[in-house]
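K.L.:
So that we are looking at the same thing, I have put the structure below in structure tokens.
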Amino acid sequence: MTETLTQSSVLTTRVKAALEACGVDASAYGTDRSSFSPLTGEVLAQLRSHGADEVDAAIGKADAAFKTWREVPAPERGNLIKRWGELLTEHKEDLAVIVQAEAGKITSEALGEVQEMIDICDFAVGQSRMLYGKTMPSERPGHRLMETWHPLGVVGVISAFNFPVAVYSWNTALALVCGDTVVWKPSEITMLSALASHALLARAVRECQAPADIHQLIVTDRVGGQLLVKDPRVALLSATGSVRMGREIAPQVAERFGRALLELGGNNAAIVSPTADLDLALRGIVFSAVGTAGQRCTSMRRLIVHESIVDQLTEKLVQAYGTLSIGSPLDEKNLVGPLVHERSFKDMEQALVDAQEQGGTILTGGKRVLADEFPNAYYVEPAIVRMPSQTQVVHDETFAPILYVVTYSDFDEAIALNNEVPQGLSSSVFTQDQGEAERFMAASGSDCGIANVNIGTSGAEIGGAFGGEKETGGGRESGSDSWKVYMRQATNTVNYSGKLPLAQGVEFI
Ligand code: NAD
């Protein structure tokens with residue numbers, strides 16, 4: 001108990017210092033909302049919530065600021081993001097301390113999350129000089145046909161607890177260089193990470209003399225989030241979270257003809273072929289299945305293994321799971337931190353009961369550990385469950401470290417199993433057979449937004465577009481040409497011929 005208390009006070013002190021270093025001011029604190037740490041269950045801070053009128057005012061301010069911001073040349077908008085990236089670099093460790101305390105990540109993953117913010121800032125600065133439109137040949141003589149891209153308006157960002165700052169920054173860095181303004185509703189679980197990120201961006205805004213209101217943070221729950229979803233001043237609603245949340249908000253945005261970018265749940269599989277390098281596969285599987293305690297949208301949840309190697313591979317996996325150290329991420333030796341809250345643990349317990357009722361056998365894991373040391377935190381042993389087939393429980397995303405193993409006999413069957421679930425975020429194949437690798441990535445291969453070869457399902461880089469199909473929502477964020485969703489496209493035809501020929505040869509007056 002003494003140790004728990006000592007660790008608690010160490011954690012809270014570290015977080016307070018980091019919040020101060022990032023410039024979070026006293027007005028953020030209050031009495032009506034608590035921020036808990038999944039590391040210990042302790043309250044890290046008490047915050048002040050924003051009421052409906054404040055949410056409305058925030059949207060109004062962002063809407064008004066848009067009218068000025070859209071006129072600022074894009075490369076100059078890029079300068080703001082350049083400065084934000086510099087501040088994030090300077091405060092990388094501070095922000096990582098807060099992310100770790102709120103989301104429960106081990107240190108290298110928390111630092112990696114902040115690095116992802118820095119990377120997208122670099123990307124967005126370059127993008128600010130590359131908001132390219134095309135010129136096409138006109139069918140009419142003396143005409144020019146082209147497209148131009150313009151700022152869209154207010155972008156509402158709703159984010160999930162498990163990537164409290166990275167996914168938000170993918171949206172925000174691009175939206176701001178595209179000339180949009182942003183209203184952010186972070187997860188109610190990770191408000192301190194949000195306050196720190198917002199404070200650093202607000203400092204960059206001041207230093208670059210950008211319009212003060214281009215970025216608004218609203219401290220609220222899903223009821224407040226609903227105001228953002230339904231507000232017609234919000235041109236694009238970018239929402240990351242569960243399929244349940246997407247199912248609720250997508251029709252609401254559609255009803256007002258808003259634009260929605262959805263990044264929802266995944267149910268990610270890896271196929272392991274008999275030709276695979278099993279040692280490499282093993283490392284890729286363990287990182288994807290166990291990293292962030294199975295609480296990544298891209299966490300590996302299903303393993304589709306050729307029947308000839310399943311016993312060998314599962315034996316190695318069980319052994320590898322046995323060497324994982326589980327415990328507080330404040331101790332650098334631990335690789336598996338806590339689940340975010342009790343409900344996640346209950347969901348995991350229930351899924352394991354269901355899996356066994358549906359014919360599964362638990363090969364390892366599934367138990368809560370360290371309950372005496374941390375009675376209010378939920379550390380679990382990652383589980384591997386051998387299933388006879390992909391039953392209902394395998395079709396659902398349980399946001400916890402459970403890896404279901406099924407077998408296949410031919411490669412087409414493996415692809416069909418990969419595609420069988422309703423979600424379509426990430427997938428991978430471990431194989432040394434190039435034909436299999438190509439088939440996996442071909443049109444009739446994996447139906448996911450991410451299809452990897454010889455790496456796991458998680459750990460994407462910001463250069464590629466990120467997102468998935470089917471119940472994952474179809475949105476794309478981050479790299480490639482994802483910027484286009486934050487802009488509106490206009491087609492322009494210019495007639496310099498002095499005559500008025502009509503398209504398709506139509507004759508009129
Ligand atoms: P969640 O759906 O409970 O909450 C996500 C966010 O949506 C929170 O900010 C929440 O307040 C808000 N929200 C929920 N219902 C709402 C409503 N009706 N109106 C307005 N706002 C609402 O998800 P979570 O537990 O925070 O995160 C885990 C889930 O997110 C998993 O399903 C995971 O796969 C998914 N996720 C997906 C991606 C991706 O890129 N595809 C990335 C991270 C997380």
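By order in the structure tokens, chains are A, B, ...; within a chain, residues start at 1; ligands start at 1, following the order shown.
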Excluding Phe430 in chain A and any residue of its chain fewer than 2 positions from it, enumerate the residues within 7 Å of it, using only C-alpha atoms, and give them as a ChimeraX atom specification.

P.N.:
/A:271-273,276,281,428,453-454

K.L.:
Take the selection from the previous step and output its residues with all heavy atoms, as a tab-separated table (two decimals), in the first residue's frame.

P.N.:
```tsv
chain	number	residue	atom	x	y	z
A	271	ILE	N	-2.43	-13.39	-41.47
A	271	ILE	CA	-2.37	-14.75	-42.01
A	271	ILE	C	-0.91	-15.20	-41.88
A	271	ILE	O	0.00	-14.44	-42.20
A	271	ILE	CB	-2.79	-14.74	-43.50
A	271	ILE	CG1	-4.26	-14.31	-43.64
A	271	ILE	CG2	-2.54	-16.10	-44.15
A	271	ILE	CD1	-4.70	-14.06	-45.08
A	272	VAL	N	-0.70	-16.42	-41.41
A	272	VAL	CA	0.67	-16.93	-41.34
A	272	VAL	C	0.75	-18.16	-42.24
A	272	VAL	O	0.10	-19.19	-41.99
A	272	VAL	CB	1.09	-17.28	-39.90
A	272	VAL	CG1	2.58	-17.61	-39.86
A	272	VAL	CG2	0.79	-16.12	-38.95
A	273	SER	N	1.55	-18.01	-43.30
A	273	SER	CA	1.67	-19.06	-44.31
A	273	SER	C	2.75	-20.06	-43.88
A	273	SER	O	3.65	-19.72	-43.09
A	273	SER	CB	2.04	-18.37	-45.63
A	273	SER	OG	2.96	-19.10	-46.37
A	276	ALA	N	6.32	-18.79	-44.03
A	276	ALA	CA	6.71	-17.59	-43.26
A	276	ALA	C	7.99	-17.81	-42.47
A	276	ALA	O	8.28	-18.93	-42.02
A	276	ALA	CB	5.58	-17.23	-42.30
A	281	ALA	N	7.76	-13.49	-37.78
A	281	ALA	CA	6.30	-13.43	-37.59
A	281	ALA	C	5.97	-13.33	-36.09
A	281	ALA	O	5.13	-12.53	-35.68
A	281	ALA	CB	5.64	-14.68	-38.18
A	428	SER	N	-2.57	-8.30	-42.25
A	428	SER	CA	-1.21	-8.57	-42.74
A	428	SER	C	-1.07	-10.04	-43.07
A	428	SER	O	-1.87	-10.88	-42.64
A	428	SER	CB	-0.16	-8.12	-41.72
A	428	SER	OG	-0.22	-8.89	-40.56
A	453	VAL	N	2.65	-6.75	-45.55
A	453	VAL	CA	3.35	-8.01	-45.80
A	453	VAL	C	4.58	-8.08	-44.89
A	453	VAL	O	5.40	-7.17	-44.88
A	453	VAL	CB	3.79	-8.11	-47.28
A	453	VAL	CG1	4.58	-9.39	-47.52
A	453	VAL	CG2	2.57	-8.07	-48.20
A	454	ASN	N	4.64	-9.15	-44.13
A	454	ASN	CA	5.77	-9.42	-43.22
A	454	ASN	C	6.00	-8.36	-42.16
A	454	ASN	O	7.13	-8.16	-41.69
A	454	ASN	CB	7.06	-9.69	-44.03
A	454	ASN	CG	6.98	-11.03	-44.74
A	454	ASN	OD1	6.32	-11.95	-44.25
A	454	ASN	ND2	7.60	-11.13	-45.89
```

K.L.:
What residues have any atom no more than 7 Å from ligand 1 when counting only C-alpha atoms and all ligand atoms, and can you list them as a PyMOL selection string?

P.N.:
chain A and resi 158-163+167+185-188+221-223+225-226+229+239-245+248-249+263-266+296-297+397+399+425+467-468+472

K.L.:
Can you pull out the residues contacting range 114-125 of chain A? Cut-off 10 Å, using only C-alpha atoms, and skip same-chain residues under 5 positions away; I want them as a PyMOL selection string.

P.N.:
chain A and resi 74-89+91-96+99+109+130+163-178+197+460-463+478-480+483

K.L.:
How close does range 353-435 of chain A get to range 326-348 of chain A? List, as JSON lines, each residue of range 353-435 of chain A within 12 Å, its nearest atom pair and the distance in Å to one decimal, counting only C-alpha atoms.

P.N.:
```
{"residue": "A:Val353", "atom": "CA", "partner": "A:Met348", "partner_atom": "CA", "distance": 8.7}
{"residue": "A:Asp354", "atom": "CA", "partner": "A:Met348", "partner_atom": "CA", "distance": 9.8}
{"residue": "A:Ala355", "atom": "CA", "partner": "A:Met348", "partner_atom": "CA", "distance": 10.4}
{"residue": "A:Gly365", "atom": "CA", "partner": "A:Met348", "partner_atom": "CA", "distance": 11.1}
{"residue": "A:Gly366", "atom": "CA", "partner": "A:Met348", "partner_atom": "CA", "distance": 7.7}
{"residue": "A:Lys367", "atom": "CA", "partner": "A:Phe345", "partner_atom": "CA", "distance": 9.5}
{"residue": "A:Arg368", "atom": "CA", "partner": "A:Phe345", "partner_atom": "CA", "distance": 8.1}
{"residue": "A:Val369", "atom": "CA", "partner": "A:Ile326", "partner_atom": "CA", "distance": 8.2}
{"residue": "A:Leu370", "atom": "CA", "partner": "A:Gly327", "partner_atom": "CA", "distance": 7.4}
{"residue": "A:Ala371", "atom": "CA", "partner": "A:Gly327", "partner_atom": "CA", "distance": 10.5}
{"residue": "A:Glu373", "atom": "CA", "partner": "A:Gly327", "partner_atom": "CA", "distance": 10.0}
{"residue": "A:Phe374", "atom": "CA", "partner": "A:Ser328", "partner_atom": "CA", "distance": 9.2}
{"residue": "A:Pro375", "atom": "CA", "partner": "A:Glu342", "partner_atom": "CA", "distance": 10.6}
{"residue": "A:Asn376", "atom": "CA", "partner": "A:Glu342", "partner_atom": "CA", "distance": 8.2}
{"residue": "A:Ala377", "atom": "CA", "partner": "A:Pro338", "partner_atom": "CA", "distance": 6.9}
{"residue": "A:Tyr378", "atom": "CA", "partner": "A:Pro338", "partner_atom": "CA", "distance": 5.4}
{"residue": "A:Tyr379", "atom": "CA", "partner": "A:Pro338", "partner_atom": "CA", "distance": 4.4}
{"residue": "A:Val380", "atom": "CA", "partner": "A:Pro338", "partner_atom": "CA", "distance": 6.9}
{"residue": "A:Glu381", "atom": "CA", "partner": "A:Ile326", "partner_atom": "CA", "distance": 7.2}
{"residue": "A:Pro382", "atom": "CA", "partner": "A:Val336", "partner_atom": "CA", "distance": 8.4}
{"residue": "A:Ala383", "atom": "CA", "partner": "A:Met348", "partner_atom": "CA", "distance": 9.5}
{"residue": "A:Val393", "atom": "CA", "partner": "A:Met348", "partner_atom": "CA", "distance": 10.8}
{"residue": "A:Asp396", "atom": "CA", "partner": "A:Asp347", "partner_atom": "CA", "distance": 11.1}
{"residue": "A:Glu397", "atom": "CA", "partner": "A:Asp347", "partner_atom": "CA", "distance": 10.1}
{"residue": "A:Thr398", "atom": "CA", "partner": "A:Met348", "partner_atom": "CA", "distance": 6.6}
{"residue": "A:Phe399", "atom": "CA", "partner": "A:Ser344", "partner_atom": "CA", "distance": 6.7}
{"residue": "A:Ala400", "atom": "CA", "partner": "A:Met348", "partner_atom": "CA", "distance": 6.0}
{"residue": "A:Pro401", "atom": "CA", "partner": "A:Met348", "partner_atom": "CA", "distance": 8.0}
{"residue": "A:Ile402", "atom": "CA", "partner": "A:Met348", "partner_atom": "CA", "distance": 7.6}
{"residue": "A:Leu403", "atom": "CA", "partner": "A:Met348", "partner_atom": "CA", "distance": 11.3}
```

K.L.:
DSSP says helix (DSSP H, G or I) for which residues of range 121-216 of chain A? Put them as an NGL selection string?

P.N.:
:A and (121-127 or 166-177 or 191-207 or 212-214)

K.L.:
Considering only C-alpha atoms, return as a VMD selection string whatever protein or nucleic-acid residues lie within 9 Å of range 298-308 of chain A, sequence-local ones (same chain, fewer than 5 positions apart) excluded.

P.N.:
chain A and resid 265 to 274 285 to 293 313 390 394 397 to 411 414 417 to 418 425 to 427 456 to 460

K.L.:
Now that the selection is made, can you save its residues with N, CA and C atoms as a short mmCIF file (atom, residue, chain, number, x, y, z; two decimals), in the first residue's frame?

P.N.:
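Below you can see out_9.cif, which holds the result:
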```cif
data_model
loop_
_atom_site.label_atom_id
_atom_site.label_comp_id
_atom_site.auth_asym_id
_atom_site.auth_seq_id
_atom_site.Cartn_x
_atom_site.Cartn_y
_atom_site.Cartn_z
N GLY A 265 -13.90 1.19 -35.36
CA GLY A 265 -13.24 0.00 -34.82
C GLY A 265 -12.65 -0.92 -35.89
N GLY A 266 -11.70 -1.72 -35.46
CA GLY A 266 -11.08 -2.70 -36.34
C GLY A 266 -11.19 -4.10 -35.76
N ASN A 267 -10.86 -5.08 -36.58
CA ASN A 267 -10.82 -6.47 -36.10
C ASN A 267 -9.77 -7.17 -36.94
N ASN A 268 -8.53 -6.85 -36.62
CA ASN A 268 -7.42 -7.01 -37.55
C ASN A 268 -6.79 -8.40 -37.45
N ALA A 269 -6.50 -8.97 -38.62
CA ALA A 269 -5.97 -10.34 -38.65
C ALA A 269 -4.61 -10.38 -39.33
N ALA A 270 -3.85 -11.41 -38.97
CA ALA A 270 -2.64 -11.74 -39.74
C ALA A 270 -2.79 -13.18 -40.21
N ILE A 271 -2.43 -13.39 -41.47
CA ILE A 271 -2.37 -14.75 -42.01
C ILE A 271 -0.91 -15.20 -41.88
N VAL A 272 -0.70 -16.42 -41.41
CA VAL A 272 0.67 -16.93 -41.34
C VAL A 272 0.75 -18.16 -42.24
N SER A 273 1.55 -18.01 -43.30
CA SER A 273 1.67 -19.06 -44.31
C SER A 273 2.75 -20.06 -43.88
N PRO A 274 2.72 -21.28 -44.43
CA PRO A 274 3.76 -22.25 -44.06
C PRO A 274 5.15 -21.80 -44.48
N ILE A 285 3.76 -10.45 -34.48
CA ILE A 285 2.47 -10.80 -33.88
C ILE A 285 2.41 -10.30 -32.44
N VAL A 286 3.47 -10.56 -31.69
CA VAL A 286 3.44 -10.19 -30.26
C VAL A 286 3.30 -8.67 -30.12
N PHE A 287 4.06 -7.91 -30.91
CA PHE A 287 3.95 -6.44 -30.79
C PHE A 287 2.52 -6.00 -31.14
N SER A 288 1.97 -6.54 -32.22
CA SER A 288 0.64 -6.06 -32.65
C SER A 288 -0.48 -6.52 -31.71
N ALA A 289 -0.33 -7.70 -31.15
CA ALA A 289 -1.41 -8.24 -30.32
C ALA A 289 -1.37 -7.70 -28.89
N VAL A 290 -0.18 -7.38 -28.42
CA VAL A 290 0.00 -7.08 -26.99
C VAL A 290 0.33 -5.60 -26.75
N GLY A 291 0.93 -4.95 -27.77
CA GLY A 291 1.28 -3.52 -27.62
C GLY A 291 0.06 -2.71 -27.21
N THR A 292 0.30 -1.71 -26.35
CA THR A 292 -0.78 -0.87 -25.81
C THR A 292 -1.86 -1.74 -25.16
N ALA A 293 -1.44 -2.89 -24.64
CA ALA A 293 -2.35 -3.85 -23.99
C ALA A 293 -3.57 -4.14 -24.87
N LEU A 313 3.61 -22.70 -34.06
CA LEU A 313 3.53 -21.25 -33.84
C LEU A 313 2.86 -20.92 -32.51
N GLN A 390 -14.36 -18.89 -36.77
CA GLN A 390 -14.56 -17.49 -36.37
C GLN A 390 -16.02 -17.31 -35.93
N VAL A 394 -15.54 -13.75 -32.15
CA VAL A 394 -14.38 -13.38 -32.97
C VAL A 394 -14.76 -12.25 -33.94
N GLU A 397 -15.24 -6.64 -32.01
CA GLU A 397 -14.00 -6.05 -31.50
C GLU A 397 -14.09 -5.94 -29.98
N THR A 398 -13.26 -6.72 -29.27
CA THR A 398 -13.16 -6.53 -27.82
C THR A 398 -11.87 -5.76 -27.59
N PHE A 399 -11.98 -4.59 -26.96
CA PHE A 399 -10.83 -3.68 -26.89
C PHE A 399 -9.90 -4.06 -25.74
N ALA A 400 -9.25 -5.20 -25.91
CA ALA A 400 -8.40 -5.78 -24.86
C ALA A 400 -7.48 -6.80 -25.55
N PRO A 401 -6.43 -7.25 -24.85
CA PRO A 401 -5.47 -8.14 -25.51
C PRO A 401 -5.91 -9.60 -25.59
N ILE A 402 -6.79 -9.88 -26.54
CA ILE A 402 -7.18 -11.27 -26.80
C ILE A 402 -6.84 -11.57 -28.26
N LEU A 403 -6.09 -12.64 -28.47
CA LEU A 403 -5.74 -13.05 -29.83
C LEU A 403 -6.41 -14.40 -30.10
N TYR A 404 -7.33 -14.42 -31.06
CA TYR A 404 -8.01 -15.67 -31.44
C TYR A 404 -7.24 -16.33 -32.57
N VAL A 405 -7.04 -17.64 -32.45
CA VAL A 405 -6.29 -18.37 -33.48
C VAL A 405 -7.23 -19.33 -34.19
N VAL A 406 -7.26 -19.22 -35.53
CA VAL A 406 -8.00 -20.21 -36.33
C VAL A 406 -7.05 -20.73 -37.41
N THR A 407 -7.42 -21.82 -38.05
CA THR A 407 -6.52 -22.40 -39.07
C THR A 407 -7.15 -22.34 -40.45
N TYR A 408 -6.28 -22.49 -41.46
CA TYR A 408 -6.75 -22.59 -42.86
C TYR A 408 -5.96 -23.68 -43.55
N SER A 409 -6.51 -24.15 -44.68
CA SER A 409 -5.75 -25.15 -45.43
C SER A 409 -5.30 -24.61 -46.79
N ASP A 410 -6.09 -23.73 -47.43
CA ASP A 410 -5.54 -23.11 -48.65
C ASP A 410 -5.69 -21.60 -48.61
N PHE A 411 -4.85 -20.92 -49.41
CA PHE A 411 -4.68 -19.48 -49.24
C PHE A 411 -5.97 -18.69 -49.52
N ALA A 414 -7.84 -18.57 -46.46
CA ALA A 414 -7.26 -17.63 -45.49
C ALA A 414 -7.74 -16.21 -45.79
N LEU A 417 -11.30 -15.82 -44.73
CA LEU A 417 -11.41 -15.66 -43.26
C LEU A 417 -11.02 -14.24 -42.84
N ASN A 418 -9.96 -13.72 -43.48
CA ASN A 418 -9.53 -12.35 -43.17
C ASN A 418 -10.68 -11.37 -43.42
N LEU A 425 -10.22 -2.60 -41.04
CA LEU A 425 -9.15 -1.62 -40.84
C LEU A 425 -7.79 -2.16 -41.32
N SER A 426 -7.19 -3.08 -40.57
CA SER A 426 -5.83 -3.49 -40.89
C SER A 426 -5.72 -5.00 -41.03
N SER A 427 -4.68 -5.43 -41.78
CA SER A 427 -4.49 -6.86 -42.02
C SER A 427 -3.03 -7.06 -42.40
N GLY A 456 3.41 -6.61 -38.73
CA GLY A 456 2.12 -6.81 -38.06
C GLY A 456 1.06 -5.84 -38.56
N THR A 457 -0.05 -5.82 -37.86
CA THR A 457 -1.18 -4.99 -38.29
C THR A 457 -1.10 -3.57 -37.76
N SER A 458 -0.27 -3.35 -36.72
CA SER A 458 -0.25 -2.02 -36.09
C SER A 458 1.05 -1.29 -36.41
N GLY A 459 1.09 -0.01 -36.00
CA GLY A 459 2.33 0.74 -36.14
C GLY A 459 2.49 1.41 -37.49
N ALA A 460 1.40 2.06 -37.98
CA ALA A 460 1.45 2.70 -39.30
C ALA A 460 2.32 3.96 -39.27
#
```

K.L.:
Given the choices A:Asn495, A:Arg33, A:Pro388, A:Gly445, which gets closest to Glu413 in chain A if the distance is worked out from only C-alpha atoms?

P.N.:
A:Gly445

K.L.:
Return the single residue from A:Ser238, A:Ser49, A:Thr431, A:Thr12 that is closest to Ala28 in chain A, with distances computed using only C-alpha atoms.

P.N.:
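Among A:Ser238, A:Ser49, A:Thr431, A:Thr12, it is A:Ser49 that comes nearest to Ala28 in chain A.
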
K.L.:
Quick check for you: according to DSSP on this backbone, which residues of range 313-403 of chain A are classed as strand (DSSP E)? Reply as an MDAnalysis selection string.

P.N.:
chainID A and resid 361:364 368:369 379:380 383:386 402:403

K.L.:
Need the shell around Glu255 in chain A: protein/DNA/RNA residues with any atom at most 12 Å away, counting only C-alpha atoms. Skip same-chain ones fewer than 3 positions apart. Format as number ranges by chain?

P.N.:
A: 229-232, 248-252, 258-260
